[in-house]
Amino acid sequence: MKYSKFLLKTQKEKPSDVDSTAMSYMVRAGMIKKVSAGLFHYMPYFNMIMRKVEFQLRRAMESVDCSEVKFPLLVSKETLEKSGRWNAFGKEMFKLADRNQAEYAISPTNEEYATLVAGSFVRSYNDLPFSIYQIQKKYRDEIRPRDGVVRAREFTMKDAYSFHASEEDLSAYYKRMAKAYTDFFTTLGIKTVPVVADGGAMGGLYCDEYMAIGDEGEAEIAFCDKCHYGANLETVEINDTFKEDMRFKGNYKEVITPDTKRIVDLVKMLQREPSDFVKSMVYNAGGQLVMVLVRGDREVNEAKLAKLLKCDSLELATEKEIKSIGSVMGYVGPMGNLKNVRIIGDYEIKAMTNFIIGANKPNVHYMDVNNADFKCEWADLRFATENDVCPRCGGKLRVAMGNELGHIFALGTRYTDKFKTTFVDADGKEKIMQMGCYGIGLERTVASIIDQHHDEKGLVLPLSVAPFKVDIIIVDTKKENQVQKATELYDKLEENGIPVLLDDRKAGAGVKFNDFELIGVPVRVTFGRALENGEVEIEIRKTGERLNAKVDDAYKMVCKILKNL
Ligand SMILES: [Zn+2]
């Protein structure tokens with residue numbers, strides 16, 4: 001491709017109306033142009049990357065014997081009513097009516113159509129298992145489209161569906177698909193963590209989300225590099241590995257601490273670390289008052305607390321309620337004569353000694369408090385943090401932001417039941433098919449590639465997705481020798497099937513160098529002043545490494561570099 005003929009308009013300035021780094025680079029690298037909230041023009045350079053991603057995706061689907069279909073975008077109300085999703089999907093699903101007032105939805109995902117296909121093609125267990133997928137645009141009426149292409153109203157999705165004679169066969173296939181997902185993301189250079197997830201509107205037996213790790217993201221996740229455990233931070237269990245320290249009793253003393261209802265004020269006044277304190281929070285859990293103790297630098301994980309107490313509503317207690325247990329707001333603690341309150345300490349406190357805690361009197365805390373000084377139950381009540389112990393293998397946990405790129409579901413008979421999708425099994429009996437479904441959002445995948453592969457100058461695209469592997473820069477297009485030699489290399493690379501961009505624009509060299517860095521072409525070959533000595537300059541984008549080569553060796557050299565990238 002010649003740059004002078006290519007619609008690729010980069011911009012130097014950071015766009016002001018975007019909310020993520022990946023998005024900012026996509027706008028600057030001329031990949032997308034926002035039309036309105038959640039709608040974008042996808043420009044040629046973006047589409048070229050998408051084609052690379054789709055190529056790898058089709059290979060991944062082939063590797064699990066999944067073949068490509070194409071379903072209609074429109075699904076009738078009757079079909080979606082049969083699965084129960086016409087109402088269940090809520091306002092995010094676009095609905096419309098035809099001229100005869102027949103109602104349709106723009107398909108959110110295609111479980112219904114896939115099930116119909118299974119129903120019409122499968123007769124006996126001999127026809128199973130089979131698996132189909134499509135790559136198609138989807139539409140969601142998002143309340144607040146944000147993060148650019150990550151939560152757009154229109155996006156491309158790969159949705160696959162598999163059908164099986166037994167739950168065991170579904171489970172075996174699910175594992176193959178999970179591996180294909182991991183391999184696919186690895187090929188694109190994206191680090192993902194599979195996270196056990198909640199099925200939501202899809203329903204089913206079990207499911208996993210594939211979260212791309214990044215500095216920015218939709219959800220906080222914890223993961224373990226040792227055993228590949230991953231989970232949403234909120235749900236990570238912390239095992240009780242702490243031994244209760246009961247050596248000291250009665251060593252505590254009062255300390256006067258006026259106006260220190262917040263830990264920060266206390267830390268300042270007593271010149272101690274937040275981890276030297278124990279926070280005591282009182283909750284009203286469906287009418288029952290509960291005091292929760294966590295280390296001063298921790299947050300109470302209310303989801304864990306609600307689960308432990310088996311209650312739906314959890315509210316912080318009012319000043320009046322705190323008074324009713326015999327305490328004072330801002331100075332709550334587990335010691336003294338308290339009534340009508342259940343006290344639960346986080347496991348971690350077991351191992352603490354000589355800590356500071358509220359004394360249930362105005363403006364007073366106790367110092368040098370130990371576990372033997374009060375009684376409580378113990379439970380896992382906080383959020384996991386970096387370096388906490390992995391609940392599965394005992395390794396160290398890491399915490400990062402994650403973006404969901406894919407979601408796989410073992411649906412079981414959730415849909416096939418409703419559509420009476422049966423087959424005749426080996427025993428001659430008619431049975432309901434087992435089903436799985438497997439999605440990947442493609443624009444988000446591109447955004448994650450950029451999120452994980454950029455520097456301050458722009459994209460650093462992995463070879464597997466780079467639309468051009470080589471960027472040939474002609475420094476001065478008025479110099480015939482530069483044009484001629486650059487074109488020769490360009491032709492040779494093209495002939496040999498190496499995608500190449502020839503920057504033949506009538507622009508300054510600085511502009512061309514900046515664009516090379518911004519759009520992230522893996523290798524640059526520059527035809528400039530060095531050509532007078534029969535040389536070109538080669539730069540590797542990823543490492544910034546530069547070297548000079550004889551112009552006649554340039555082709556060989558570029559091939560060698562690409563091979564080793
Ligand atoms: Zn682990």
# chains A, B, ... in the order shown; residues from 1 in each chain; ligands from 1

$ residues_around --residues "range 116-123 of chain A" --least-positions-apart "3" --cutoff "7 Å" --atoms "only C-alpha atoms" --output "JSON, numbers by chain"
{"A": [112, 113, 127, 421, 422, 423, 424]}

$ closest_atom_pairs --of "chain A" --to "ligand 1" --cutoff "6 Å" --atoms "only C-alpha atoms and all ligand atoms" --output "Markdown table"
| residue | atom | partner | partner_atom_place_in_ligand_line | distance |
| --- | --- | --- | --- | --- |
| A:Cys224 | CA | ligand 1 | 1 (Zn) | 4.6 |
| A:Lys226 | CA | ligand 1 | 1 (Zn) | 5.1 |
| A:Cys227 | CA | ligand 1 | 1 (Zn) | 4.1 |
| A:Tyr229 | CA | ligand 1 | 1 (Zn) | 5.4 |
| A:Cys390 | CA | ligand 1 | 1 (Zn) | 4.6 |
| A:Arg392 | CA | ligand 1 | 1 (Zn) | 5.0 |
| A:Cys393 | CA | ligand 1 | 1 (Zn) | 4.0 |
| A:Gly394 | CA | ligand 1 | 1 (Zn) | 5.8 |
| A:Gly395 | CA | ligand 1 | 1 (Zn) | 4.9 |

$ residues_around --residues "range 442-449 of chain A" --least-positions-apart "3" --cutoff "10 Å" --atoms "only C-alpha atoms" --output "MDAnalysis selection string"
chainID A and resid 20:23 25:26 42 46:47 49:50 53:54 57 135:137 147:152 154:158 185 188:192 211:214 216:217 402:406 439 452:454 459:462 465

$ residues_around --residues "Asp476 in chain A" --least-positions-apart "3" --cutoff "10 Å" --atoms "only C-alpha atoms" --output "list in words"
Ile473, Lys479, Glu480, Asn481, Gln482, Val483, Asp504, Arg505, Lys506, Ala507, Gly508, Ala509, Phe527, Gly528 and Arg529 of chain A

$ write_last_selection --atoms "all heavy atoms" --output "mmCIF file, in the first residue's frame"
data_model
loop_
_atom_site.group_PDB
_atom_site.id
_atom_site.type_symbol
_atom_site.label_atom_id
_atom_site.label_comp_id
_atom_site.auth_asym_id
_atom_site.auth_seq_id
_atom_site.Cartn_x
_atom_site.Cartn_y
_atom_site.Cartn_z
ATOM 1 N N ILE A 473 10.139 4.454 4.369
ATOM 2 C CA ILE A 473 10.019 5.906 4.364
ATOM 3 C C ILE A 473 10.959 6.511 3.318
ATOM 4 O O ILE A 473 12.162 6.242 3.326
ATOM 5 C CB ILE A 473 10.328 6.494 5.756
ATOM 6 C CG1 ILE A 473 9.201 6.080 6.730
ATOM 7 C CG2 ILE A 473 10.487 8.010 5.698
ATOM 8 C CD1 ILE A 473 9.391 6.563 8.145
ATOM 9 N N LYS A 479 13.930 13.480 -4.523
ATOM 10 C CA LYS A 479 15.174 12.791 -4.878
ATOM 11 C C LYS A 479 14.850 11.476 -5.594
ATOM 12 O O LYS A 479 14.339 10.521 -4.996
ATOM 13 C CB LYS A 479 15.997 12.502 -3.618
ATOM 14 C CG LYS A 479 16.495 13.763 -2.907
ATOM 15 C CD LYS A 479 18.017 13.905 -3.023
ATOM 16 C CE LYS A 479 18.518 15.289 -2.693
ATOM 17 N NZ LYS A 479 18.476 15.621 -1.270
ATOM 18 N N GLU A 480 15.152 11.469 -6.878
ATOM 19 C CA GLU A 480 14.773 10.329 -7.728
ATOM 20 C C GLU A 480 15.357 9.005 -7.246
ATOM 21 O O GLU A 480 14.699 7.976 -7.260
ATOM 22 C CB GLU A 480 15.241 10.600 -9.156
ATOM 23 C CG GLU A 480 14.291 10.016 -10.200
ATOM 24 C CD GLU A 480 14.670 10.501 -11.585
ATOM 25 O OE1 GLU A 480 14.390 11.677 -11.923
ATOM 26 O OE2 GLU A 480 15.269 9.694 -12.310
ATOM 27 N N ASN A 481 16.631 9.094 -6.784
ATOM 28 C CA ASN A 481 17.316 7.897 -6.324
ATOM 29 C C ASN A 481 16.595 7.247 -5.137
ATOM 30 O O ASN A 481 16.398 6.030 -5.085
ATOM 31 C CB ASN A 481 18.761 8.261 -5.938
ATOM 32 C CG ASN A 481 19.612 7.022 -5.763
ATOM 33 O OD1 ASN A 481 19.360 6.007 -6.402
ATOM 34 N ND2 ASN A 481 20.606 7.105 -4.884
ATOM 35 N N GLN A 482 16.161 8.099 -4.180
ATOM 36 C CA GLN A 482 15.446 7.597 -3.000
ATOM 37 C C GLN A 482 14.142 6.913 -3.416
ATOM 38 O O GLN A 482 13.816 5.820 -2.948
ATOM 39 C CB GLN A 482 15.134 8.742 -2.034
ATOM 40 C CG GLN A 482 16.356 9.274 -1.299
ATOM 41 C CD GLN A 482 16.010 10.344 -0.263
ATOM 42 O OE1 GLN A 482 14.870 10.437 0.195
ATOM 43 N NE2 GLN A 482 16.984 11.153 0.095
ATOM 44 N N VAL A 483 13.397 7.584 -4.305
ATOM 45 C CA VAL A 483 12.113 7.040 -4.756
ATOM 46 C C VAL A 483 12.326 5.701 -5.454
ATOM 47 O O VAL A 483 11.642 4.712 -5.174
ATOM 48 C CB VAL A 483 11.391 8.034 -5.696
ATOM 49 C CG1 VAL A 483 10.106 7.426 -6.252
ATOM 50 C CG2 VAL A 483 11.095 9.344 -4.977
ATOM 51 N N ASP A 504 5.240 7.523 0.683
ATOM 52 C CA ASP A 504 5.671 8.331 -0.465
ATOM 53 C C ASP A 504 5.004 9.692 -0.456
ATOM 54 O O ASP A 504 4.907 10.360 -1.479
ATOM 55 C CB ASP A 504 5.323 7.569 -1.758
ATOM 56 C CG ASP A 504 3.825 7.284 -1.869
ATOM 57 O OD1 ASP A 504 3.117 7.349 -0.828
ATOM 58 O OD2 ASP A 504 3.353 6.994 -2.982
ATOM 59 N N ARG A 505 4.497 10.095 0.743
ATOM 60 C CA ARG A 505 3.788 11.373 0.811
ATOM 61 C C ARG A 505 4.751 12.550 0.659
ATOM 62 O O ARG A 505 5.913 12.464 1.040
ATOM 63 C CB ARG A 505 3.078 11.507 2.160
ATOM 64 C CG ARG A 505 1.910 10.569 2.329
ATOM 65 C CD ARG A 505 1.341 10.670 3.726
ATOM 66 N NE ARG A 505 2.298 10.241 4.743
ATOM 67 C CZ ARG A 505 2.128 10.428 6.048
ATOM 68 N NH1 ARG A 505 1.055 11.062 6.500
ATOM 69 N NH2 ARG A 505 3.029 10.001 6.916
ATOM 70 N N LYS A 506 4.224 13.647 0.117
ATOM 71 C CA LYS A 506 5.032 14.871 0.019
ATOM 72 C C LYS A 506 4.950 15.573 1.367
ATOM 73 O O LYS A 506 4.309 16.609 1.509
ATOM 74 C CB LYS A 506 4.480 15.772 -1.091
ATOM 75 C CG LYS A 506 4.734 15.211 -2.484
ATOM 76 C CD LYS A 506 4.229 16.142 -3.570
ATOM 77 C CE LYS A 506 4.547 15.602 -4.948
ATOM 78 N NZ LYS A 506 3.974 14.254 -5.210
ATOM 79 N N ALA A 507 5.568 14.961 2.366
ATOM 80 C CA ALA A 507 5.532 15.529 3.720
ATOM 81 C C ALA A 507 6.937 15.494 4.294
ATOM 82 O O ALA A 507 7.813 14.812 3.767
ATOM 83 C CB ALA A 507 4.587 14.716 4.593
ATOM 84 N N GLY A 508 7.130 16.220 5.392
ATOM 85 C CA GLY A 508 8.440 16.252 6.026
ATOM 86 C C GLY A 508 8.802 14.898 6.626
ATOM 87 O O GLY A 508 7.924 14.102 6.968
ATOM 88 N N ALA A 509 10.109 14.642 6.763
ATOM 89 C CA ALA A 509 10.561 13.357 7.300
ATOM 90 C C ALA A 509 10.041 13.154 8.723
ATOM 91 O O ALA A 509 9.653 12.045 9.094
ATOM 92 C CB ALA A 509 12.083 13.296 7.271
ATOM 93 N N PHE A 527 14.881 5.487 3.447
ATOM 94 C CA PHE A 527 15.726 5.867 2.314
ATOM 95 C C PHE A 527 15.935 7.373 2.392
ATOM 96 O O PHE A 527 15.062 8.151 2.033
ATOM 97 C CB PHE A 527 15.061 5.473 0.989
ATOM 98 C CG PHE A 527 15.047 3.978 0.773
ATOM 99 C CD1 PHE A 527 14.122 3.178 1.444
ATOM 100 C CD2 PHE A 527 15.953 3.371 -0.083
ATOM 101 C CE1 PHE A 527 14.116 1.799 1.269
ATOM 102 C CE2 PHE A 527 15.954 2.003 -0.279
ATOM 103 C CZ PHE A 527 15.032 1.213 0.409
ATOM 104 N N GLY A 528 17.114 7.769 2.905
ATOM 105 C CA GLY A 528 17.408 9.192 3.098
ATOM 106 C C GLY A 528 18.821 9.508 2.666
ATOM 107 O O GLY A 528 19.334 8.934 1.690
ATOM 108 N N ARG A 529 19.464 10.363 3.438
ATOM 109 C CA ARG A 529 20.791 10.839 3.070
ATOM 110 C C ARG A 529 21.823 9.699 2.967
ATOM 111 O O ARG A 529 22.715 9.741 2.123
ATOM 112 C CB ARG A 529 21.261 11.894 4.071
ATOM 113 C CG ARG A 529 22.395 12.740 3.523
ATOM 114 C CD ARG A 529 22.704 13.904 4.438
ATOM 115 N NE ARG A 529 21.639 14.899 4.447
ATOM 116 C CZ ARG A 529 21.426 15.754 5.445
ATOM 117 N NH1 ARG A 529 22.174 15.722 6.516
ATOM 118 N NH2 ARG A 529 20.448 16.646 5.375
#

$ atom_distance --atom1 "CA of Glu13 in chain A" --atom2 "CA of Gly520 in chain A"
16.8 Å

$ select_by_dssp --residues "range 50-144 of chain A" --states "helix (DSSP H, G or I)" --output "ChimeraX atom specification"
/A:50-63,77-83,85-88,90-92,111-121,125-127

$ closest_residue --among "A:Glu539, A:Glu68, A:Glu254, A:Glu142" --to "Glu92 in chain A" --atoms "only C-alpha atoms"
A:Glu142

$ select_by_dssp --residues "range 208-244 of chain A" --states "strand (DSSP E or B)" --output "NGL selection string"
:A and (208-214 or 219-223 or 230-232)

$ write_last_selection --atoms "N, CA, C and O atoms" --output "PDB file, in the first residue's frame"
ATOM      1  N   ASP A 208     -17.242 -19.087  32.237  1.00  0.00           N
ATOM      2  CA  ASP A 208     -15.998 -18.367  32.508  1.00  0.00           C
ATOM      3  C   ASP A 208     -15.920 -17.119  31.641  1.00  0.00           C
ATOM      4  O   ASP A 208     -16.345 -17.134  30.488  1.00  0.00           O
ATOM      5  N   GLU A 209     -15.375 -16.070  32.238  1.00  0.00           N
ATOM      6  CA  GLU A 209     -15.116 -14.841  31.480  1.00  0.00           C
ATOM      7  C   GLU A 209     -13.635 -14.767  31.171  1.00  0.00           C
ATOM      8  O   GLU A 209     -12.819 -15.114  32.026  1.00  0.00           O
ATOM      9  N   TYR A 210     -13.290 -14.270  29.994  1.00  0.00           N
ATOM     10  CA  TYR A 210     -11.884 -14.040  29.651  1.00  0.00           C
ATOM     11  C   TYR A 210     -11.590 -12.567  29.800  1.00  0.00           C
ATOM     12  O   TYR A 210     -12.082 -11.754  29.030  1.00  0.00           O
ATOM     13  N   MET A 211     -10.832 -12.234  30.834  1.00  0.00           N
ATOM     14  CA  MET A 211     -10.561 -10.837  31.138  1.00  0.00           C
ATOM     15  C   MET A 211      -9.156 -10.472  30.663  1.00  0.00           C
ATOM     16  O   MET A 211      -8.184 -11.148  30.996  1.00  0.00           O
ATOM     17  N   ALA A 212      -9.086  -9.394  29.880  1.00  0.00           N
ATOM     18  CA  ALA A 212      -7.773  -8.885  29.469  1.00  0.00           C
ATOM     19  C   ALA A 212      -7.258  -7.979  30.578  1.00  0.00           C
ATOM     20  O   ALA A 212      -7.977  -7.119  31.074  1.00  0.00           O
ATOM     21  N   ILE A 213      -6.016  -8.208  30.946  1.00  0.00           N
ATOM     22  CA  ILE A 213      -5.404  -7.424  32.020  1.00  0.00           C
ATOM     23  C   ILE A 213      -4.966  -6.065  31.482  1.00  0.00           C
ATOM     24  O   ILE A 213      -4.427  -5.971  30.386  1.00  0.00           O
ATOM     25  N   GLY A 214      -5.198  -5.020  32.273  1.00  0.00           N
ATOM     26  CA  GLY A 214      -4.749  -3.697  31.841  1.00  0.00           C
ATOM     27  C   GLY A 214      -4.692  -2.727  33.000  1.00  0.00           C
ATOM     28  O   GLY A 214      -5.019  -3.069  34.133  1.00  0.00           O
ATOM     29  N   ALA A 219     -13.528  -3.954  35.510  1.00  0.00           N
ATOM     30  CA  ALA A 219     -13.661  -4.649  36.783  1.00  0.00           C
ATOM     31  C   ALA A 219     -12.293  -4.960  37.368  1.00  0.00           C
ATOM     32  O   ALA A 219     -11.333  -5.177  36.637  1.00  0.00           O
ATOM     33  N   GLU A 220     -12.223  -4.977  38.709  1.00  0.00           N
ATOM     34  CA  GLU A 220     -10.980  -5.369  39.367  1.00  0.00           C
ATOM     35  C   GLU A 220     -10.942  -6.879  39.481  1.00  0.00           C
ATOM     36  O   GLU A 220     -11.916  -7.488  39.949  1.00  0.00           O
ATOM     37  N   ILE A 221      -9.846  -7.478  39.050  1.00  0.00           N
ATOM     38  CA  ILE A 221      -9.754  -8.922  39.160  1.00  0.00           C
ATOM     39  C   ILE A 221      -8.463  -9.314  39.873  1.00  0.00           C
ATOM     40  O   ILE A 221      -7.498  -8.580  39.877  1.00  0.00           O
ATOM     41  N   ALA A 222      -8.519 -10.500  40.492  1.00  0.00           N
ATOM     42  CA  ALA A 222      -7.323 -11.052  41.126  1.00  0.00           C
ATOM     43  C   ALA A 222      -6.956 -12.310  40.372  1.00  0.00           C
ATOM     44  O   ALA A 222      -7.833 -13.023  39.897  1.00  0.00           O
ATOM     45  N   PHE A 223      -5.663 -12.541  40.219  1.00  0.00           N
ATOM     46  CA  PHE A 223      -5.253 -13.751  39.517  1.00  0.00           C
ATOM     47  C   PHE A 223      -3.916 -14.240  40.054  1.00  0.00           C
ATOM     48  O   PHE A 223      -3.201 -13.502  40.729  1.00  0.00           O
ATOM     49  N   GLY A 230      -8.244 -17.321  38.605  1.00  0.00           N
ATOM     50  CA  GLY A 230      -8.650 -15.933  38.396  1.00  0.00           C
ATOM     51  C   GLY A 230     -10.064 -15.737  38.902  1.00  0.00           C
ATOM     52  O   GLY A 230     -10.870 -16.665  38.839  1.00  0.00           O
ATOM     53  N   ALA A 231     -10.367 -14.562  39.432  1.00  0.00           N
ATOM     54  CA  ALA A 231     -11.723 -14.292  39.919  1.00  0.00           C
ATOM     55  C   ALA A 231     -11.938 -12.796  40.023  1.00  0.00           C
ATOM     56  O   ALA A 231     -10.974 -12.028  40.125  1.00  0.00           O
ATOM     57  N   ASN A 232     -13.213 -12.392  39.977  1.00  0.00           N
ATOM     58  CA  ASN A 232     -13.520 -11.000  40.260  1.00  0.00           C
ATOM     59  C   ASN A 232     -13.097 -10.728  41.698  1.00  0.00           C
ATOM     60  O   ASN A 232     -13.345 -11.553  42.575  1.00  0.00           O
TER      61      ASN A 232
END

$ closest_residue --among "A:Lys249, A:Asn337, A:Ala359, A:Met43" --to "Lys279 in chain A" --atoms "only C-alpha atoms"
A:Ala359

$ closest_residue --among "A:His407, A:Tyr366, A:Glu103, A:Leu266" --to "Val193 in chain A" --atoms "only C-alpha atoms"
A:His407
